[in-house]
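For reference, the structure is listed below as structure tokens.
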Amino acid sequence: MSEGVRRARRFAAPVAAAAAAAVVTMVINPTLGASATAPQAASKGKAPAAKNVIFINGDGMGAAARQAARLHLAGLNGQLAMDKLPYSGQLTTEPDDPKAVVTDSAAAATAWATGEKTYNGAISVDVDGNPLATLGQQAKAAGKATGLVTTAQVTDASPAAFFSSTPNRSAQDEIARQYIEVSKPDVILGGGEDWWLPAGSPGAFQDKPAEDTSEASKGTKGDLIKKAQKAGYTYVSSADELNRAKSGKLLGLFANEEMFQQRPEGQGDVYNPVVGLSTMTSKALSTLDKSKKGFFLMVEEEGVDEFAHSNNGARVLQSMQELEKSVAVARAYVATHPDTLLVVTGDHETGGLAVEEADTADESGDGISAEDGPFAIRGSDKSFYIDWTTSGHTGVDVPVTAAGPLADRFTGKHANTYVHDVLSEILATRR
């Protein structure tokens, strides 16, 4: 890419099951009351103008993870909510890294958020370390509300790329500072309280908990929670507080680090978030929906990636189930707000996951090539195994599905930077 193009970008204006269905219904009802009437254009048969974007990332979710979840949650002839979206395609994921051909979450999310490839570990900076304009900035500049929801730390790589810039993804306290002082997302919900408080100053979640004694407050930017409150954010740390939170800027931190414990099966692995992703998504939508000029919401389920790193198929499927509920919440919103683009994809694939027959004659391997299961296929007496080939990321293409205005643009095969090209048409536009 020419230096002129880079300079232009850099300085651009800042610009499922019946039970699961029941849970989804309870979650989405509060959201839909805000604006259930479709735009007048829709009633006349015209396609509504794009106003809002809901972008959902199943971190580490490749095609095989979606297939395994479909079998387990919907059955042989069933469909996931994310697979019911009318348009689908594929994204390639390679970074621009002299030492790697397989991306990490930071480089992948940077490609989405800025439209430019970069090196692994970089958060919305180019290959020379220069900050790039992000979709979060573009949305704010266009007068739209913005938000992020994740079961990872709210300052983890994927959400960070949309709302901050730093050469090193590990600088999570700096990312938190930028949220409050620079990009100012209206809704911030997820884990990672440790990065918002100075070392030795635990908040709602105690330092060195029994389940992981390495977790403890470690920020170097002062008490960022207090700074957020002074900046007008309501701070919450429990499901009840989140439910009672009123309109306005909202910061919710519900764990020291990720909202789960990433371990191999049976070795202390836990997926039981204080607040589920679908609940956080519903709250974010009901809050952002009040913006007259529209909004951008980034939603992420981190458990798919983290548990795949541990080759933990049971927890991957549990994480996929919560992601499914969140997609159902988003689909319900789009159904009554047809001016909303919904995109569901993954930043990369993790684990080299393969869906295999439950065949005892097949070699099972050991270590990272071990088979995992069996897992039941819903509505059937059949089952399947998950076979892992790595504990890291792979370079396979990832599926993308979409609904709403411009969704048809996601058909075909594209580089992951293409996400930025499509979303920026909506987020950089004033209404």
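Labeling convention for the structure tokens: chains A, B, ... as they appear, residues from 1 per chain, ligands from 1 in order of appearance.
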Hey, could you make a per-residue contact list for stretch 81-177 of chain A against stretch 258-268 of chain A with 9 Å as the cut-off, showing the nearest pair of atoms and its distance in Å to one decimal, counting only C-alpha atoms, sorted by chain and number, as a Markdown table?
```
| residue | atom | partner | partner_atom | distance |
| --- | --- | --- | --- | --- |
| A:Thr150 | CA | A:Met259 | CA | 8.7 |
| A:Thr151 | CA | A:Met259 | CA | 5.3 |
| A:Ala152 | CA | A:Glu258 | CA | 4.3 |
| A:Gln153 | CA | A:Glu258 | CA | 5.3 |
| A:Val154 | CA | A:Glu258 | CA | 8.7 |
```
Residues flagged strand (DSSP E) by DSSP in stretch 79-230 of chain A, as an mmCIF file with N, CA, C and O atoms, in the first residue's frame:
```cif
data_model
loop_
_atom_site.group_PDB
_atom_site.id
_atom_site.type_symbol
_atom_site.label_atom_id
_atom_site.label_comp_id
_atom_site.auth_asym_id
_atom_site.auth_seq_id
_atom_site.Cartn_x
_atom_site.Cartn_y
_atom_site.Cartn_z
ATOM 1 N N TYR A 87 -27.805 -14.125 3.789
ATOM 2 C CA TYR A 87 -26.628 -13.996 2.921
ATOM 3 C C TYR A 87 -25.410 -14.593 3.608
ATOM 4 O O TYR A 87 -25.219 -14.445 4.820
ATOM 5 N N SER A 88 -24.580 -15.262 2.810
ATOM 6 C CA SER A 88 -23.400 -15.902 3.384
ATOM 7 C C SER A 88 -22.227 -15.844 2.429
ATOM 8 O O SER A 88 -22.391 -15.733 1.211
ATOM 9 N N GLY A 89 -21.033 -15.915 3.010
ATOM 10 C CA GLY A 89 -19.812 -15.911 2.225
ATOM 11 C C GLY A 89 -18.653 -16.404 3.066
ATOM 12 O O GLY A 89 -18.846 -17.064 4.093
ATOM 13 N N GLN A 90 -17.446 -16.085 2.626
ATOM 14 C CA GLN A 90 -16.232 -16.495 3.337
ATOM 15 C C GLN A 90 -15.266 -15.323 3.426
ATOM 16 O O GLN A 90 -15.234 -14.458 2.547
ATOM 17 N N LEU A 91 -14.471 -15.340 4.485
ATOM 18 C CA LEU A 91 -13.440 -14.327 4.664
ATOM 19 C C LEU A 91 -12.083 -15.003 4.825
ATOM 20 O O LEU A 91 -11.954 -15.989 5.575
ATOM 21 N N THR A 92 -11.068 -14.490 4.156
ATOM 22 C CA THR A 92 -9.701 -14.927 4.414
ATOM 23 C C THR A 92 -9.151 -14.108 5.582
ATOM 24 O O THR A 92 -9.667 -13.031 5.890
ATOM 25 N N ALA A 145 -24.351 6.278 18.361
ATOM 26 C CA ALA A 145 -23.937 5.686 19.630
ATOM 27 C C ALA A 145 -23.099 4.451 19.330
ATOM 28 O O ALA A 145 -23.233 3.832 18.268
ATOM 29 N N THR A 146 -22.228 4.079 20.259
ATOM 30 C CA THR A 146 -21.366 2.914 20.057
ATOM 31 C C THR A 146 -21.328 2.059 21.310
ATOM 32 O O THR A 146 -21.539 2.544 22.422
ATOM 33 N N GLY A 147 -21.040 0.777 21.129
ATOM 34 C CA GLY A 147 -20.958 -0.111 22.281
ATOM 35 C C GLY A 147 -20.201 -1.375 21.971
ATOM 36 O O GLY A 147 -20.027 -1.756 20.802
ATOM 37 N N LEU A 148 -19.738 -2.025 23.017
ATOM 38 C CA LEU A 148 -19.064 -3.307 22.895
ATOM 39 C C LEU A 148 -19.520 -4.227 24.016
ATOM 40 O O LEU A 148 -19.742 -3.803 25.148
ATOM 41 N N VAL A 149 -19.679 -5.491 23.676
ATOM 42 C CA VAL A 149 -20.107 -6.525 24.609
ATOM 43 C C VAL A 149 -19.242 -7.748 24.368
ATOM 44 O O VAL A 149 -19.078 -8.181 23.226
ATOM 45 N N THR A 150 -18.665 -8.327 25.415
ATOM 46 C CA THR A 150 -17.795 -9.486 25.238
ATOM 47 C C THR A 150 -17.722 -10.305 26.511
ATOM 48 O O THR A 150 -17.910 -9.773 27.610
ATOM 49 N N THR A 151 -17.453 -11.602 26.373
ATOM 50 C CA THR A 151 -17.196 -12.437 27.545
ATOM 51 C C THR A 151 -15.701 -12.481 27.854
ATOM 52 O O THR A 151 -15.291 -13.121 28.820
ATOM 53 N N ALA A 152 -14.886 -11.807 27.044
ATOM 54 C CA ALA A 152 -13.467 -11.618 27.350
ATOM 55 C C ALA A 152 -13.319 -10.363 28.200
ATOM 56 O O ALA A 152 -14.307 -9.759 28.644
ATOM 57 N N GLN A 153 -12.099 -9.927 28.443
ATOM 58 C CA GLN A 153 -11.888 -8.599 28.998
ATOM 59 C C GLN A 153 -12.413 -7.586 27.987
ATOM 60 O O GLN A 153 -12.208 -7.746 26.783
ATOM 61 N N VAL A 187 -21.603 2.108 25.629
ATOM 62 C CA VAL A 187 -21.843 0.887 26.401
ATOM 63 C C VAL A 187 -20.583 0.025 26.354
ATOM 64 O O VAL A 187 -20.052 -0.249 25.271
ATOM 65 N N ILE A 188 -20.108 -0.382 27.536
ATOM 66 C CA ILE A 188 -18.933 -1.244 27.651
ATOM 67 C C ILE A 188 -19.288 -2.343 28.646
ATOM 68 O O ILE A 188 -19.420 -2.098 29.850
ATOM 69 N N LEU A 189 -19.465 -3.586 28.175
ATOM 70 C CA LEU A 189 -19.897 -4.678 29.039
ATOM 71 C C LEU A 189 -19.041 -5.923 28.806
ATOM 72 O O LEU A 189 -18.883 -6.360 27.662
ATOM 73 N N GLY A 190 -18.505 -6.485 29.878
ATOM 74 C CA GLY A 190 -17.721 -7.707 29.773
ATOM 75 C C GLY A 190 -16.873 -7.932 31.006
ATOM 76 O O GLY A 190 -17.232 -7.523 32.110
ATOM 77 N N GLY A 191 -15.737 -8.586 30.826
ATOM 78 C CA GLY A 191 -14.828 -8.864 31.937
ATOM 79 C C GLY A 191 -13.657 -7.903 31.971
ATOM 80 O O GLY A 191 -13.631 -6.888 31.292
#
```
Polymer residues at most 10 Å from A:Gln318, only C-alpha atoms, same-chain spacing of 3 or more positions, as a PyMOL selection string:
chain A and resi 69+72-73+271-272+303-304+307+313-315+321-324
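The protein and nucleic acid residues lying at most 8 Å from A:Val125 are Thr110, Thr118, Ala122, Asp128, Gly129, Asn130, Pro131, Leu132, Ser165, Thr166 and Pro167 of chain A, with only C-alpha atoms considered and sequence neighbours fewer than 3 positions away removed.
Around A:Val355, within 7 Å and counting only C-alpha atoms, the residues found are Ala64, Ala68, Leu353, Phe384, Tyr385, Ile386 and Asp387 of chain A, once anything fewer than 2 positions away on its own chain is removed.
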Got time to write the residues from that selection, N, CA, C and O atoms, as a PDB file, in the first residue's frame?
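And here is the file that came out, again_33.pdb:
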```
ATOM      1  N   ALA A  64     -16.253 -25.536  10.998  1.00  0.00           N
ATOM      2  CA  ALA A  64     -16.472 -26.789  11.709  1.00  0.00           C
ATOM      3  C   ALA A  64     -17.082 -26.553  13.092  1.00  0.00           C
ATOM      4  O   ALA A  64     -17.872 -27.364  13.574  1.00  0.00           O
ATOM      5  N   ALA A  68     -20.453 -28.306  14.293  1.00  0.00           N
ATOM      6  CA  ALA A  68     -20.583 -29.061  15.542  1.00  0.00           C
ATOM      7  C   ALA A  68     -21.722 -28.494  16.386  1.00  0.00           C
ATOM      8  O   ALA A  68     -22.516 -29.239  16.966  1.00  0.00           O
ATOM      9  N   LEU A 353     -10.366 -27.770  14.469  1.00  0.00           N
ATOM     10  CA  LEU A 353     -11.486 -28.620  14.847  1.00  0.00           C
ATOM     11  C   LEU A 353     -12.055 -29.344  13.635  1.00  0.00           C
ATOM     12  O   LEU A 353     -12.256 -28.753  12.580  1.00  0.00           O
ATOM     13  N   PHE A 384     -21.407 -37.571  17.636  1.00  0.00           N
ATOM     14  CA  PHE A 384     -20.215 -37.265  16.851  1.00  0.00           C
ATOM     15  C   PHE A 384     -19.055 -36.975  17.798  1.00  0.00           C
ATOM     16  O   PHE A 384     -19.240 -36.723  18.986  1.00  0.00           O
ATOM     17  N   TYR A 385     -17.853 -37.015  17.232  1.00  0.00           N
ATOM     18  CA  TYR A 385     -16.653 -36.646  17.968  1.00  0.00           C
ATOM     19  C   TYR A 385     -16.074 -35.357  17.373  1.00  0.00           C
ATOM     20  O   TYR A 385     -16.274 -35.045  16.199  1.00  0.00           O
ATOM     21  N   ILE A 386     -15.387 -34.609  18.201  1.00  0.00           N
ATOM     22  CA  ILE A 386     -14.564 -33.499  17.743  1.00  0.00           C
ATOM     23  C   ILE A 386     -13.115 -33.970  17.784  1.00  0.00           C
ATOM     24  O   ILE A 386     -12.660 -34.503  18.798  1.00  0.00           O
ATOM     25  N   ASP A 387     -12.415 -33.797  16.678  1.00  0.00           N
ATOM     26  CA  ASP A 387     -10.994 -34.144  16.619  1.00  0.00           C
ATOM     27  C   ASP A 387     -10.204 -32.851  16.483  1.00  0.00           C
ATOM     28  O   ASP A 387     -10.509 -32.008  15.639  1.00  0.00           O
TER      29      ASP A 387
END
```
When distances are computed from only C-alpha atoms, which of A:Thr281, A:Asn416, A:Ser105, A:Asn311 shows the smallest separation from A:Leu242?
A:Thr281
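Residue neighbourhood of A:Phe295, excluding near-sequence residues (fewer than 6 positions): Lys51, Asn52, Val53, Ile54, Ala139, Lys140, Gly143, Lys144, Ala145, Thr146, Gly147, Leu288, Asp289 and Leu427 of chain A, at 9 Å, using only C-alpha atoms.
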Write out as an NGL selection string all residues of stretch 131-327 of chain A that DSSP puts in helix (DSSP H, G or I) for this structure's backbone.
:A and (135-141 or 157-163 or 172-183 or 193-196 or 224-230 or 239-244 or 277-288 or 303-309 or 313-327)
Give me a file of those residues, with C-alpha atoms, as a compact mmCIF listing (two decimals), in the first residue's frame.
```txt
# COMPACT_ATOMS: atom_id res chain seq x y z
CA LEU A 135 -15.02 2.12 12.69
CA GLY A 136 -15.79 3.10 16.28
CA GLN A 137 -14.35 6.56 15.64
CA GLN A 138 -16.22 6.84 12.34
CA ALA A 139 -19.51 5.95 14.01
CA LYS A 140 -18.98 8.57 16.74
CA ALA A 141 -18.04 11.21 14.18
CA ALA A 157 -7.92 -7.59 21.27
CA SER A 158 -11.17 -7.87 19.30
CA PRO A 159 -13.21 -5.11 20.95
CA ALA A 160 -10.07 -3.01 21.49
CA ALA A 161 -9.41 -2.74 17.75
CA PHE A 162 -12.69 -0.90 17.19
CA PHE A 163 -12.14 1.67 19.94
CA GLN A 172 -4.98 -3.35 28.28
CA ASP A 173 -4.92 -0.58 30.88
CA GLU A 174 -3.93 1.89 28.14
CA ILE A 175 -6.79 0.54 26.03
CA ALA A 176 -9.19 1.13 28.95
CA ARG A 177 -7.86 4.69 29.32
CA GLN A 178 -8.49 5.35 25.65
CA TYR A 179 -12.06 4.08 25.99
CA ILE A 180 -12.83 6.62 28.70
CA GLU A 181 -10.79 9.57 27.48
CA VAL A 182 -10.71 9.19 23.68
CA SER A 183 -13.19 6.91 21.90
CA GLU A 193 -11.84 -5.44 35.98
CA ASP A 194 -8.16 -6.12 36.79
CA TRP A 195 -7.06 -3.66 34.09
CA TRP A 196 -9.21 -0.78 35.36
CA LEU A 224 -10.23 4.10 35.68
CA ILE A 225 -13.57 3.00 37.08
CA LYS A 226 -13.72 6.18 39.14
CA LYS A 227 -12.64 8.19 36.09
CA ALA A 228 -15.41 6.55 34.08
CA GLN A 229 -17.98 7.47 36.70
CA LYS A 230 -16.78 11.08 36.68
CA ALA A 239 -26.62 -9.02 36.95
CA ASP A 240 -29.00 -7.18 39.27
CA GLU A 241 -27.13 -3.89 38.89
CA LEU A 242 -27.10 -4.31 35.12
CA ASN A 243 -30.83 -4.96 35.07
CA ARG A 244 -31.53 -1.85 37.17
CA LEU A 277 -23.65 -12.72 26.63
CA SER A 278 -27.27 -12.69 25.45
CA THR A 279 -28.34 -10.67 28.49
CA MET A 280 -25.54 -8.15 27.95
CA THR A 281 -26.45 -7.93 24.26
CA SER A 282 -30.09 -7.24 25.07
CA LYS A 283 -29.16 -4.52 27.56
CA ALA A 284 -26.75 -2.93 25.08
CA LEU A 285 -29.40 -2.86 22.36
CA SER A 286 -32.07 -1.37 24.61
CA THR A 287 -29.58 1.34 25.60
CA LEU A 288 -28.15 2.15 22.17
CA GLY A 303 -15.20 -18.80 25.00
CA VAL A 304 -15.16 -20.51 21.60
CA ASP A 305 -11.53 -19.48 21.08
CA GLU A 306 -10.27 -19.89 24.63
CA PHE A 307 -11.70 -23.37 25.16
CA ALA A 308 -10.57 -24.47 21.69
CA HIS A 309 -7.04 -23.50 22.75
CA GLY A 313 -15.05 -29.52 23.09
CA ALA A 314 -17.73 -29.53 25.78
CA ARG A 315 -17.04 -25.91 26.73
CA VAL A 316 -16.72 -24.83 23.10
CA LEU A 317 -20.23 -26.13 22.49
CA GLN A 318 -21.47 -24.42 25.67
CA SER A 319 -19.95 -21.15 24.46
CA MET A 320 -21.51 -21.65 21.03
CA GLN A 321 -24.91 -22.09 22.67
CA GLU A 322 -24.62 -18.72 24.41
CA LEU A 323 -23.44 -17.15 21.17
CA GLU A 324 -26.51 -18.61 19.47
CA LYS A 325 -28.80 -17.02 22.06
CA SER A 326 -27.10 -13.68 21.43
CA VAL A 327 -27.56 -14.00 17.67
```
Show which residues sit within 6 Å of stretch 403-408 of chain A, as an MDAnalysis selection string. Count only C-alpha atoms, and ignore same-chain residues fewer than 2 positions away.
chainID A and resid 50 85:87 340:342 410:411
Closest to A:Gln79 among A:Arg378, A:Val275, A:Lys249, A:Gly62, using only C-alpha atoms?
A:Arg378
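Straight-line separation from atom CA of A:Thr417 to atom CA of A:Lys117: 7.1 Å.
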Residue with the minimum atom-to-atom distance to A:Ala171, picked from A:Thr114, A:Ser383, A:Thr220, A:Ser291 with only C-alpha atoms counted, is A:Thr220
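Of note, atom CA of A:Thr390 and atom CA of A:Thr155 are spaced 26.2 Å apart.
Taking atom CA of A:Phe55 and atom CA of A:Gly276 as endpoints, the distance between them is 17.5 Å.
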So, counting only C-alpha atoms, which residue among A:Pro209, A:Gly75, A:Pro98, A:Gly121 is closest to A:Arg169?
A:Gly121
Which of these residues is nearest to A:Val422, using only C-alpha atoms: A:Asn57, A:Ala402, A:Asp96, A:Gly392?
A:Ala402
